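> Coordinates in target.pdb, PDB, C-alpha atoms, are listed below.
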```pdb
ATOM      1  CA  MET O 494     -25.326 -45.361 -11.871
ATOM      2  CA  ASP O 495     -23.514 -48.140 -13.754
ATOM      3  CA  GLY O 496     -25.064 -50.679 -16.091
ATOM      4  CA  VAL O 497     -26.413 -51.625 -19.513
ATOM      5  CA  LEU O 498     -29.987 -51.050 -20.659
ATOM      6  CA  LEU O 499     -31.412 -52.940 -23.624
ATOM      7  CA  LEU O 500     -33.782 -50.369 -25.100
ATOM      8  CA  ASP O 501     -36.395 -51.031 -27.766
ATOM      9  CA  LYS O 502     -36.058 -47.744 -29.670
ATOM     10  CA  PRO O 503     -39.271 -46.340 -31.146
ATOM     11  CA  GLN O 504     -39.643 -45.119 -34.715
ATOM     12  CA  GLY O 505     -39.083 -41.408 -35.329
ATOM     13  CA  LEU O 506     -36.597 -40.908 -32.505
ATOM     14  CA  SER O 507     -32.864 -40.536 -33.078
ATOM     15  CA  SER O 508     -30.537 -42.810 -31.130
ATOM     16  CA  ASN O 509     -29.146 -39.823 -29.231
ATOM     17  CA  ASP O 510     -32.612 -38.547 -28.310
ATOM     18  CA  ALA O 511     -33.507 -42.026 -27.032
ATOM     19  CA  LEU O 512     -30.270 -42.096 -25.044
ATOM     20  CA  GLN O 513     -30.965 -38.727 -23.419
ATOM     21  CA  LYS O 514     -34.520 -39.704 -22.460
ATOM     22  CA  ALA O 515     -33.268 -42.908 -20.831
ATOM     23  CA  ARG O 516     -30.370 -41.088 -19.142
ATOM     24  CA  ARG O 517     -32.802 -38.694 -17.462
ATOM     25  CA  LEU O 518     -35.034 -41.561 -16.320
ATOM     26  CA  PHE O 519     -32.064 -43.238 -14.612
ATOM     27  CA  ASN O 520     -30.495 -39.961 -13.475
ATOM     28  CA  ALA O 521     -27.197 -41.114 -15.003
ATOM     29  CA  ALA O 522     -24.392 -38.555 -15.183
ATOM     30  CA  LYS O 523     -22.555 -40.437 -17.916
ATOM     31  CA  ALA O 524     -24.207 -42.313 -20.777
ATOM     32  CA  GLY O 525     -23.530 -43.634 -24.272
ATOM     33  CA  HIS O 526     -24.838 -46.089 -26.858
ATOM     34  CA  THR O 527     -23.226 -48.917 -28.801
ATOM     35  CA  GLY O 528     -24.019 -47.857 -32.376
ATOM     36  CA  THR O 529     -26.785 -45.784 -33.888
ATOM     37  CA  LEU O 530     -30.105 -46.722 -35.404
ATOM     38  CA  ASP O 531     -31.638 -44.369 -37.986
ATOM     39  CA  PRO O 532     -34.713 -42.451 -36.744
ATOM     40  CA  MET O 533     -36.884 -44.533 -39.103
ATOM     41  CA  ALA O 534     -35.593 -47.785 -37.584
ATOM     42  CA  THR O 535     -36.825 -49.440 -34.403
ATOM     43  CA  GLY O 536     -35.488 -52.142 -32.158
ATOM     44  CA  LEU O 537     -32.494 -53.073 -30.070
ATOM     45  CA  LEU O 538     -30.351 -50.164 -28.892
ATOM     46  CA  PRO O 539     -28.044 -51.073 -25.980
ATOM     47  CA  LEU O 540     -27.389 -48.052 -23.765
ATOM     48  CA  CYS O 541     -24.503 -47.745 -21.309
ATOM     49  CA  PHE O 542     -24.432 -45.802 -18.050
ATOM     50  CA  GLY O 543     -21.459 -44.889 -15.860
ATOM     51  CA  GLU O 544     -18.550 -47.329 -15.973
ATOM     52  CA  ALA O 545     -20.309 -49.425 -18.636
ATOM     53  CA  THR O 546     -19.606 -46.628 -21.164
ATOM     54  CA  LYS O 547     -15.973 -47.779 -21.191
ATOM     55  CA  PHE O 548     -17.127 -50.895 -23.045
ATOM     56  CA  ALA O 549     -19.642 -49.271 -25.422
ATOM     57  CA  GLY O 550     -17.374 -49.895 -28.401
ATOM     58  CA  GLU O 551     -17.211 -53.630 -27.781
ATOM     59  CA  LEU O 552     -20.393 -54.313 -29.774
ATOM     60  CA  LEU O 553     -19.374 -52.309 -32.840
ATOM     61  CA  ASP O 554     -17.715 -55.380 -34.358
ATOM     62  CA  ALA O 555     -20.528 -57.768 -33.425
ATOM     63  CA  ASP O 556     -22.834 -59.409 -35.980
ATOM     64  CA  LYS O 557     -26.354 -57.963 -36.109
ATOM     65  CA  SER O 558     -29.804 -59.212 -37.110
ATOM     66  CA  TYR O 559     -32.722 -57.266 -38.571
ATOM     67  CA  ALA O 560     -36.291 -57.606 -39.764
ATOM     68  CA  ALA O 561     -36.708 -55.446 -42.876
ATOM     69  CA  THR O 562     -39.486 -54.509 -45.284
ATOM     70  CA  VAL O 563     -38.645 -53.777 -48.930
ATOM     71  CA  ARG O 564     -40.881 -51.948 -51.434
ATOM     72  CA  LEU O 565     -40.313 -52.839 -55.076
ATOM     73  CA  GLY O 566     -40.785 -50.469 -58.017
ATOM     74  CA  VAL O 567     -39.817 -47.243 -56.222
ATOM     75  CA  THR O 568     -36.297 -45.850 -55.728
ATOM     76  CA  THR O 569     -35.451 -42.955 -53.408
ATOM     77  CA  ASP O 570     -32.353 -40.796 -53.025
ATOM     78  CA  SER O 571     -31.696 -42.169 -49.521
ATOM     79  CA  GLY O 572     -32.557 -45.806 -50.193
ATOM     80  CA  ASP O 573     -35.350 -45.704 -47.595
ATOM     81  CA  ALA O 574     -38.822 -44.289 -47.106
ATOM     82  CA  GLU O 575     -37.519 -40.984 -45.725
ATOM     83  CA  GLY O 576     -35.911 -40.035 -49.026
ATOM     84  CA  ARG O 577     -37.164 -38.242 -52.117
ATOM     85  CA  VAL O 578     -38.678 -40.505 -54.793
ATOM     86  CA  LEU O 579     -36.406 -40.665 -57.821
ATOM     87  CA  GLU O 580     -38.186 -43.157 -60.059
ATOM     88  CA  THR O 581     -41.242 -45.408 -60.149
ATOM     89  CA  ARG O 582     -41.360 -48.529 -62.301
ATOM     90  CA  ALA O 583     -43.791 -51.350 -62.935
ATOM     91  CA  VAL O 584     -43.138 -54.489 -60.888
ATOM     92  CA  ALA O 585     -43.215 -57.827 -62.691
ATOM     93  CA  ALA O 586     -41.041 -59.835 -60.280
ATOM     94  CA  SER O 587     -42.537 -62.954 -58.757
ATOM     95  CA  GLU O 588     -41.883 -64.435 -55.348
ATOM     96  CA  ALA O 589     -39.804 -67.183 -56.942
ATOM     97  CA  GLU O 590     -37.682 -64.615 -58.803
ATOM     98  CA  VAL O 591     -37.043 -62.682 -55.594
ATOM     99  CA  ARG O 592     -35.991 -65.846 -53.786
ATOM    100  CA  THR O 593     -33.592 -66.645 -56.626
ATOM    101  CA  VAL O 594     -32.083 -63.136 -56.572
ATOM    102  CA  LEU O 595     -31.576 -63.302 -52.808
ATOM    103  CA  GLU O 596     -29.104 -66.152 -53.337
ATOM    104  CA  ARG O 597     -26.698 -63.656 -54.965
ATOM    105  CA  PHE O 598     -26.525 -61.605 -51.768
ATOM    106  CA  ARG O 599     -25.692 -64.354 -49.296
ATOM    107  CA  GLY O 600     -22.135 -64.761 -48.077
ATOM    108  CA  GLU O 601     -19.446 -62.143 -48.665
ATOM    109  CA  ILE O 602     -20.567 -59.307 -50.925
ATOM    110  CA  GLU O 603     -19.446 -55.777 -51.758
ATOM    111  CA  GLN O 604     -21.512 -52.727 -50.844
ATOM    112  CA  VAL O 605     -21.052 -49.074 -51.682
ATOM    113  CA  PRO O 606     -22.001 -47.094 -48.530
ATOM    114  CA  PRO O 607     -24.978 -44.762 -49.103
ATOM    115  CA  MET O 608     -24.548 -40.996 -49.279
ATOM    116  CA  HIS O 609     -27.181 -40.672 -46.556
ATOM    117  CA  SER O 610     -24.906 -42.148 -43.876
ATOM    118  CA  ALA O 611     -22.760 -40.969 -40.971
ATOM    119  CA  LEU O 612     -19.504 -42.041 -42.620
ATOM    120  CA  LYS O 613     -17.150 -39.084 -42.731
ATOM    121  CA  ARG O 614     -15.185 -37.506 -45.552
ATOM    122  CA  SER O 615     -12.872 -34.570 -44.767
ATOM    123  CA  GLY O 616     -14.345 -34.425 -41.271
ATOM    124  CA  ARG O 617     -17.960 -34.127 -42.442
ATOM    125  CA  PRO O 618     -20.588 -36.910 -42.475
ATOM    126  CA  LEU O 619     -21.700 -37.965 -45.927
ATOM    127  CA  TYR O 620     -25.322 -37.040 -45.214
ATOM    128  CA  GLU O 621     -24.293 -33.365 -45.032
ATOM    129  CA  TYR O 622     -22.937 -33.545 -48.581
ATOM    130  CA  ALA O 623     -26.078 -35.399 -49.665
ATOM    131  CA  ARG O 624     -28.334 -32.699 -48.229
ATOM    132  CA  ALA O 625     -26.318 -30.117 -50.172
ATOM    133  CA  GLY O 626     -26.792 -32.101 -53.385
ATOM    134  CA  ILE O 627     -23.145 -33.179 -53.554
ATOM    135  CA  GLU O 628     -22.286 -36.737 -54.556
ATOM    136  CA  ILE O 629     -19.005 -38.068 -53.110
ATOM    137  CA  GLU O 630     -17.274 -41.079 -54.640
ATOM    138  CA  ARG O 631     -17.260 -44.003 -52.172
ATOM    139  CA  ALA O 632     -15.221 -47.166 -52.364
ATOM    140  CA  ALA O 633     -17.051 -50.491 -52.117
ATOM    141  CA  ARG O 634     -16.639 -52.368 -48.839
ATOM    142  CA  ARG O 635     -16.653 -56.097 -48.174
ATOM    143  CA  VAL O 636     -19.410 -57.259 -45.807
ATOM    144  CA  ALA O 637     -20.862 -60.659 -44.912
ATOM    145  CA  ILE O 638     -24.540 -61.615 -45.127
ATOM    146  CA  HIS O 639     -24.857 -64.668 -42.894
ATOM    147  CA  ARG O 640     -28.599 -65.117 -43.318
ATOM    148  CA  LEU O 641     -31.040 -63.605 -45.808
ATOM    149  CA  GLU O 642     -34.539 -65.052 -45.927
ATOM    150  CA  LEU O 643     -37.828 -63.890 -47.403
ATOM    151  CA  SER O 644     -40.327 -64.201 -44.558
ATOM    152  CA  ASN O 645     -43.473 -62.611 -46.036
ATOM    153  CA  TRP O 646     -44.446 -61.921 -49.660
ATOM    154  CA  ARG O 647     -47.060 -59.289 -50.557
ATOM    155  CA  GLY O 648     -46.456 -58.744 -54.260
ATOM    156  CA  GLU O 649     -44.885 -55.287 -54.496
ATOM    157  CA  SER O 650     -43.402 -55.482 -51.014
ATOM    158  CA  PHE O 651     -41.896 -58.239 -48.899
ATOM    159  CA  ASP O 652     -40.249 -58.841 -45.528
ATOM    160  CA  LEU O 653     -36.698 -60.054 -45.023
ATOM    161  CA  GLU O 654     -34.821 -61.544 -42.096
ATOM    162  CA  VAL O 655     -31.179 -60.469 -42.230
ATOM    163  CA  SER O 656     -28.140 -61.454 -40.171
ATOM    164  CA  CYS O 657     -24.971 -59.667 -41.193
ATOM    165  CA  SER O 658     -21.513 -58.458 -40.260
ATOM    166  CA  LYS O 659     -20.583 -55.007 -39.019
ATOM    167  CA  GLY O 660     -20.666 -52.247 -41.614
ATOM    168  CA  THR O 661     -23.632 -53.701 -43.516
ATOM    169  CA  TYR O 662     -26.279 -51.234 -44.704
ATOM    170  CA  VAL O 663     -29.632 -53.006 -44.996
ATOM    171  CA  ARG O 664     -31.098 -50.185 -47.095
ATOM    172  CA  THR O 665     -28.228 -50.576 -49.553
ATOM    173  CA  LEU O 666     -29.041 -54.283 -49.610
ATOM    174  CA  ALA O 667     -32.671 -53.419 -50.465
ATOM    175  CA  VAL O 668     -31.560 -51.038 -53.244
ATOM    176  CA  ASP O 669     -29.173 -53.617 -54.716
ATOM    177  CA  ILE O 670     -31.849 -56.335 -54.652
ATOM    178  CA  GLY O 671     -34.210 -53.980 -56.486
ATOM    179  CA  ALA O 672     -31.530 -53.228 -59.081
ATOM    180  CA  ALA O 673     -30.907 -56.956 -59.613
ATOM    181  CA  LEU O 674     -34.650 -57.454 -60.205
ATOM    182  CA  GLY O 675     -34.696 -54.580 -62.713
ATOM    183  CA  CYS O 676     -37.500 -52.636 -61.034
ATOM    184  CA  GLY O 677     -35.716 -50.774 -58.233
ATOM    185  CA  ALA O 678     -36.571 -50.850 -54.529
ATOM    186  CA  HIS O 679     -36.197 -49.072 -51.233
ATOM    187  CA  LEU O 680     -36.439 -49.922 -47.550
ATOM    188  CA  THR O 681     -39.723 -49.011 -45.848
ATOM    189  CA  ALA O 682     -39.165 -50.462 -42.364
ATOM    190  CA  LEU O 683     -36.230 -51.764 -40.338
ATOM    191  CA  ARG O 684     -36.129 -53.371 -36.903
ATOM    192  CA  ARG O 685     -32.900 -54.498 -35.242
ATOM    193  CA  THR O 686     -33.528 -57.724 -33.384
ATOM    194  CA  ARG O 687     -30.092 -58.845 -32.230
ATOM    195  CA  ILE O 688     -26.538 -57.604 -31.584
ATOM    196  CA  GLY O 689     -24.067 -60.349 -30.755
ATOM    197  CA  ALA O 690     -25.647 -62.265 -27.858
ATOM    198  CA  LEU O 691     -28.108 -59.462 -26.984
ATOM    199  CA  ASP O 692     -31.698 -60.005 -28.121
ATOM    200  CA  ILE O 693     -34.684 -57.717 -28.626
ATOM    201  CA  ALA O 694     -36.789 -60.129 -26.544
ATOM    202  CA  ASP O 695     -34.996 -58.793 -23.460
ATOM    203  CA  ALA O 696     -35.423 -55.109 -24.334
ATOM    204  CA  VAL O 697     -37.771 -52.570 -22.753
ATOM    205  CA  THR O 698     -39.507 -49.538 -24.268
ATOM    206  CA  LEU O 699     -39.276 -45.952 -23.046
ATOM    207  CA  GLY O 700     -43.000 -46.017 -22.333
ATOM    208  CA  GLU O 701     -42.615 -49.055 -20.097
ATOM    209  CA  LEU O 702     -39.723 -47.432 -18.235
ATOM    210  CA  GLU O 703     -41.681 -44.222 -17.694
ATOM    211  CA  SER O 704     -44.511 -46.158 -16.058
ATOM    212  CA  LEU O 705     -42.209 -47.772 -13.455
ATOM    213  CA  ASP O 706     -40.837 -46.558 -10.156
ATOM    214  CA  GLU O 707     -37.076 -46.207  -9.643
ATOM    215  CA  ALA O 708     -36.520 -49.683  -8.188
ATOM    216  CA  ALA O 709     -38.445 -51.388 -10.986
ATOM    217  CA  ARG O 710     -36.541 -49.420 -13.639
ATOM    218  CA  ASP O 711     -33.183 -50.316 -12.081
ATOM    219  CA  ALA O 712     -34.099 -53.995 -12.316
ATOM    220  CA  PHE O 713     -33.786 -53.713 -16.120
ATOM    221  CA  LEU O 714     -30.116 -52.733 -15.857
ATOM    222  CA  ARG O 715     -27.567 -55.395 -16.709
ATOM    223  CA  PRO O 716     -23.964 -55.373 -15.476
ATOM    224  CA  ALA O 717     -21.236 -53.864 -17.642
ATOM    225  CA  ASP O 718     -19.855 -57.276 -18.619
ATOM    226  CA  ALA O 719     -23.041 -57.948 -20.610
ATOM    227  CA  LEU O 720     -21.274 -56.048 -23.401
ATOM    228  CA  VAL O 721     -18.253 -58.371 -23.431
ATOM    229  CA  ALA O 722     -19.945 -61.738 -22.858
ATOM    230  CA  ALA O 723     -18.449 -63.105 -26.095
ATOM    231  CA  LEU O 724     -14.873 -62.771 -24.777
ATOM    232  CA  PRO O 725     -13.081 -65.606 -22.954
ATOM    233  CA  ARG O 726     -13.352 -65.424 -19.150
ATOM    234  CA  ALA O 727     -10.340 -65.269 -16.824
ATOM    235  CA  VAL O 728     -10.923 -65.691 -13.076
ATOM    236  CA  LEU O 729      -7.833 -64.385 -11.271
ATOM    237  CA  ASP O 730      -6.485 -65.288  -7.862
ATOM    238  CA  ALA O 731      -5.898 -62.599  -5.223
ATOM    239  CA  ASP O 732      -2.350 -61.863  -6.399
ATOM    240  CA  GLY O 733      -3.414 -61.648 -10.046
ATOM    241  CA  THR O 734      -6.258 -59.344  -9.083
ATOM    242  CA  ARG O 735      -3.867 -57.023  -7.240
ATOM    243  CA  ARG O 736      -1.554 -56.923 -10.242
ATOM    244  CA  VAL O 737      -4.362 -56.092 -12.668
ATOM    245  CA  LEU O 738      -5.764 -53.369 -10.421
ATOM    246  CA  HIS O 739      -2.291 -51.805 -10.394
ATOM    247  CA  GLY O 740      -2.148 -51.881 -14.187
ATOM    248  CA  GLN O 741       0.186 -54.883 -14.379
ATOM    249  CA  GLY O 742      -0.102 -57.993 -16.526
ATOM    250  CA  VAL O 743      -0.582 -61.596 -15.427
ATOM    251  CA  ARG O 744       0.621 -64.815 -17.014
ATOM    252  CA  TRP O 745      -2.135 -66.489 -19.054
ATOM    253  CA  ASN O 746      -2.573 -69.015 -21.836
ATOM    254  CA  GLY O 747      -3.983 -67.300 -24.890
ATOM    255  CA  ARG O 748      -3.328 -66.199 -28.445
ATOM    256  CA  PRO O 749      -1.411 -62.952 -29.079
ATOM    257  CA  GLY O 750      -3.927 -60.144 -29.521
ATOM    258  CA  GLU O 751      -6.770 -62.116 -27.905
ATOM    259  CA  ARG O 752      -8.926 -60.038 -25.548
ATOM    260  CA  VAL O 753     -10.103 -61.563 -22.276
ATOM    261  CA  ARG O 754     -12.530 -60.397 -19.572
ATOM    262  CA  TYR O 755     -11.092 -60.356 -16.042
ATOM    263  CA  TYR O 756     -12.886 -61.429 -12.864
ATOM    264  CA  ALA O 757     -11.742 -61.301  -9.226
ATOM    265  CA  PRO O 758     -11.901 -64.455  -7.039
ATOM    266  CA  GLY O 759     -15.332 -63.364  -5.772
ATOM    267  CA  GLY O 760     -16.706 -63.048  -9.319
ATOM    268  CA  GLU O 761     -16.511 -59.243  -9.587
ATOM    269  CA  PHE O 762     -15.964 -58.001 -13.142
ATOM    270  CA  LEU O 763     -12.680 -56.081 -13.378
ATOM    271  CA  GLY O 764     -12.488 -55.186 -17.066
ATOM    272  CA  ILE O 765     -10.746 -56.549 -20.143
ATOM    273  CA  GLY O 766      -7.152 -57.408 -20.964
ATOM    274  CA  GLU O 767      -5.239 -58.316 -24.094
ATOM    275  CA  MET O 768      -2.714 -61.094 -24.643
ATOM    276  CA  SER O 769       0.809 -60.133 -25.633
ATOM    277  CA  ALA O 770       3.079 -62.259 -27.784
ATOM    278  CA  ASP O 771       5.186 -63.212 -24.747
ATOM    279  CA  GLY O 772       2.298 -64.701 -22.733
ATOM    280  CA  TRP O 773       1.206 -61.743 -20.598
ATOM    281  CA  LEU O 774      -2.434 -60.735 -20.241
ATOM    282  CA  ASN O 775      -2.222 -56.971 -19.884
ATOM    283  CA  PRO O 776      -5.021 -54.628 -18.724
ATOM    284  CA  LYS O 777      -6.705 -52.615 -21.484
ATOM    285  CA  ARG O 778      -9.806 -51.215 -19.785
ATOM    286  CA  LEU O 779     -10.816 -51.583 -16.134
ATOM    287  CA  VAL O 780     -13.966 -50.874 -14.131
ATOM    288  CA  ALA O 781     -13.012 -48.286 -11.529
ATOM    289  CA  ALA O 782     -15.983 -48.846  -9.222
ATOM    290  CA  SER O 783     -15.385 -52.598  -9.010
ATOM    291  CA  GLY O 784     -11.684 -52.017  -8.547
ATOM    292  CA  GLU O 785     -12.178 -49.938  -5.410
ATOM    293  CA  GLN O 786     -14.457 -52.571  -3.875
ATOM    294  CA  VAL O 787     -12.230 -55.518  -4.829
ATOM    295  CA  GLN O 788      -9.059 -53.819  -3.601
ATOM    296  CA  LYS O 789     -10.454 -53.805  -0.076
ATOM    297  CA  THR O 790     -11.269 -57.507  -0.374
ATOM    298  CA  VAL O 791      -7.895 -58.678  -1.695
ATOM    299  CA  ALA O 792      -5.886 -56.360   0.556
ATOM    300  CA  SER O 793      -6.573 -58.643   3.488
ATOM    301  CA  ALA O 794      -6.251 -61.898   1.533
TER     302      ALA O 794
END
```
What is this file in structure tokens?


Amino acid sequence: MDGVLLLDKPQGLSSNDALQKARRLFNAAKAGHTGTLDPMATGLLPLCFGEATKFAGELLDADKSYAATVRLGVTTDSGDAEGRVLETRAVAASEAEVRTVLERFRGEIEQVPPMHSALKRSGRPLYEYARAGIEIERAARRVAIHRLELSNWRGESFDLEVSCSKGTYVRTLAVDIGAALGCGAHLTALRRTRIGALDIADAVTLGELESLDEAARDAFLRPADALVAALPRAVLDADGTRRVLHGQGVRWNGRPGERVRYYAPGGEFLGIGEMSADGWLNPKRLVAASGEQVQKTVASA
């Protein structure tokens, strides 16, 4: 079982629990995901089965988009609705004031990662220290907010549409917006709607998958190269395909360090390579299943 599933993760389920439920539905021996969503969050969670797991890390650097709901006047120790309430304040901010404050958070900004996160210190995730009541000093990180728009105003709460770079914490964004307004805030809902070129509109829920037979479920699987669609495409000839399948480089025009997705003459996805400074496109990660099939094809060419 090889392929990519765009799952619409439900609220209250961890990313790993969602992965295991989907893995059992597809009877996949090997499975992984491309970056976690908190249990409170819903939305796009690409899952990888079989050979596609080799490319699971390719989306970690991709830009992401979210729909978020922020509650003003209440701060929590986690920055979201699952945390303990620390303080409640009166809210005097108007819609116009919120829109003005949002301008400060567009573009490149600095964020201090939250204690309730999976970032590790001395081999332990920060959330373990947080649960033990230990505060660890964290350095601010540079992130990019490409789009930040108020989409619905309800007085003490509002909805945001966010597009951002990797490493951005939307709940930290909510907390920082609340601090800038002087009343505090926390995140009450989060839905991931896009990762790179992958969109929530193409995702399927666990409930929908459970209601389908095997053939109908398999139709939702995308090929492994769906994870690397943003990379330049290199279609090799028969000789180049043989070289790549034997772990050898091929001559190619590209920038040093540029990664490229390989295809055989028949269009089969072979994997990804990386350009060297001397003009060679060298294999970095190959799809074994495709390689076996393609080898038989090019052997007689």

> Which residues would end up in the selection if the PyMOL selection byres ((chain O and resi 564) around 9) were applied here, given that I need the answer as a PyMOL selection string?

chain O and resi 562-563+565-568+649-651+667+671+677-681

> Could you state which residues are captured by the PyMOL selection byres ((chain O and resi 738-751) around 6) in this file, as a list in words?

Arg735, Arg736, Val737, Arg752, Glu767, Met768, Ser769, Ala770, Gly772, Trp773, Leu774 and Asn775 of chain O

> Step by step, work through what the PyMOL selection byres ((chain O and resi 548) around 8) selects in the shown file, and finish by giving those residues as a ChimeraX atom specification.

/O:545-547,549-551,717,720-721

> Could you name the residues that touch Arg634 in chain O at 12 Å or less, counting only C-alpha atoms, but leaving out those on the same chain fewer than 6 positions away, as a PyMOL selection string?

chain O and resi 601-607+658-662+665

> Within 12 Å of Asp711 in chain O, counting all atoms listed in the file, which residues show up once you throw out same-chain ones fewer than 4 positions away? Write them as a PyMOL selection string, please.

chain O and resi 494-499+515-516+518-521+542+697+702-703+705-707+715-716

> O:Ala611, O:Leu500, O:Val594, O:Ala623: which is nearest Asp570 in chain O, counting only C-alpha atoms?

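Smallest separation from Asp570 in chain O among the options: O:Ala623.
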
> If you measure from CA of Ala583 in chain O to CA of Ala672 in chain O, what distance in Å do you get, rounded to one decimal?

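A separation of 13.0 Å between them.
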
> Emit as JSON the padded axis-aligned box for all listed atoms of range 735-754 of chain O, 8 Å per side, with centre and edge lengths in Å to one decimal.


```
{"center_x": -6.0, "center_y": -60.4, "center_z": -18.4, "size_x": 29.2, "size_y": 33.2, "size_z": 38.3}
```

> For Arg687 in chain O, please output as a short mmCIF file (atom, residue, chain, number, x, y, z; two decimals) with C-alpha atoms, in the frame of the given file all residues within 10 Å (counting only C-alpha atoms; exclusion window: fewer than 4 positions along the same chain).


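As written to disk, selection20.cif reads:
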```cif
data_model
loop_
_atom_site.label_atom_id
_atom_site.label_comp_id
_atom_site.auth_asym_id
_atom_site.auth_seq_id
_atom_site.Cartn_x
_atom_site.Cartn_y
_atom_site.Cartn_z
CA GLY O 536 -35.49 -52.14 -32.16
CA LEU O 537 -32.49 -53.07 -30.07
CA LEU O 538 -30.35 -50.16 -28.89
CA ALA O 555 -20.53 -57.77 -33.42
CA ASP O 556 -22.83 -59.41 -35.98
CA LYS O 557 -26.35 -57.96 -36.11
CA SER O 558 -29.80 -59.21 -37.11
CA TYR O 559 -32.72 -57.27 -38.57
CA ALA O 560 -36.29 -57.61 -39.76
CA SER O 656 -28.14 -61.45 -40.17
CA LEU O 691 -28.11 -59.46 -26.98
CA ASP O 692 -31.70 -60.00 -28.12
CA ILE O 693 -34.68 -57.72 -28.63
CA ALA O 694 -36.79 -60.13 -26.54
#
```

> Please, what distance in Å, to one decimal, runs between CA of His609 in chain O and CA of Arg597 in chain O?

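For CA of His609 in chain O relative to CA of Arg597 in chain O, the distance reads 24.5 Å.
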
> By how many Å are CA of Phe598 in chain O and CA of Tyr620 in chain O apart?

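Straight-line distance from CA of Phe598 in chain O to CA of Tyr620 in chain O works out to 25.5 Å.
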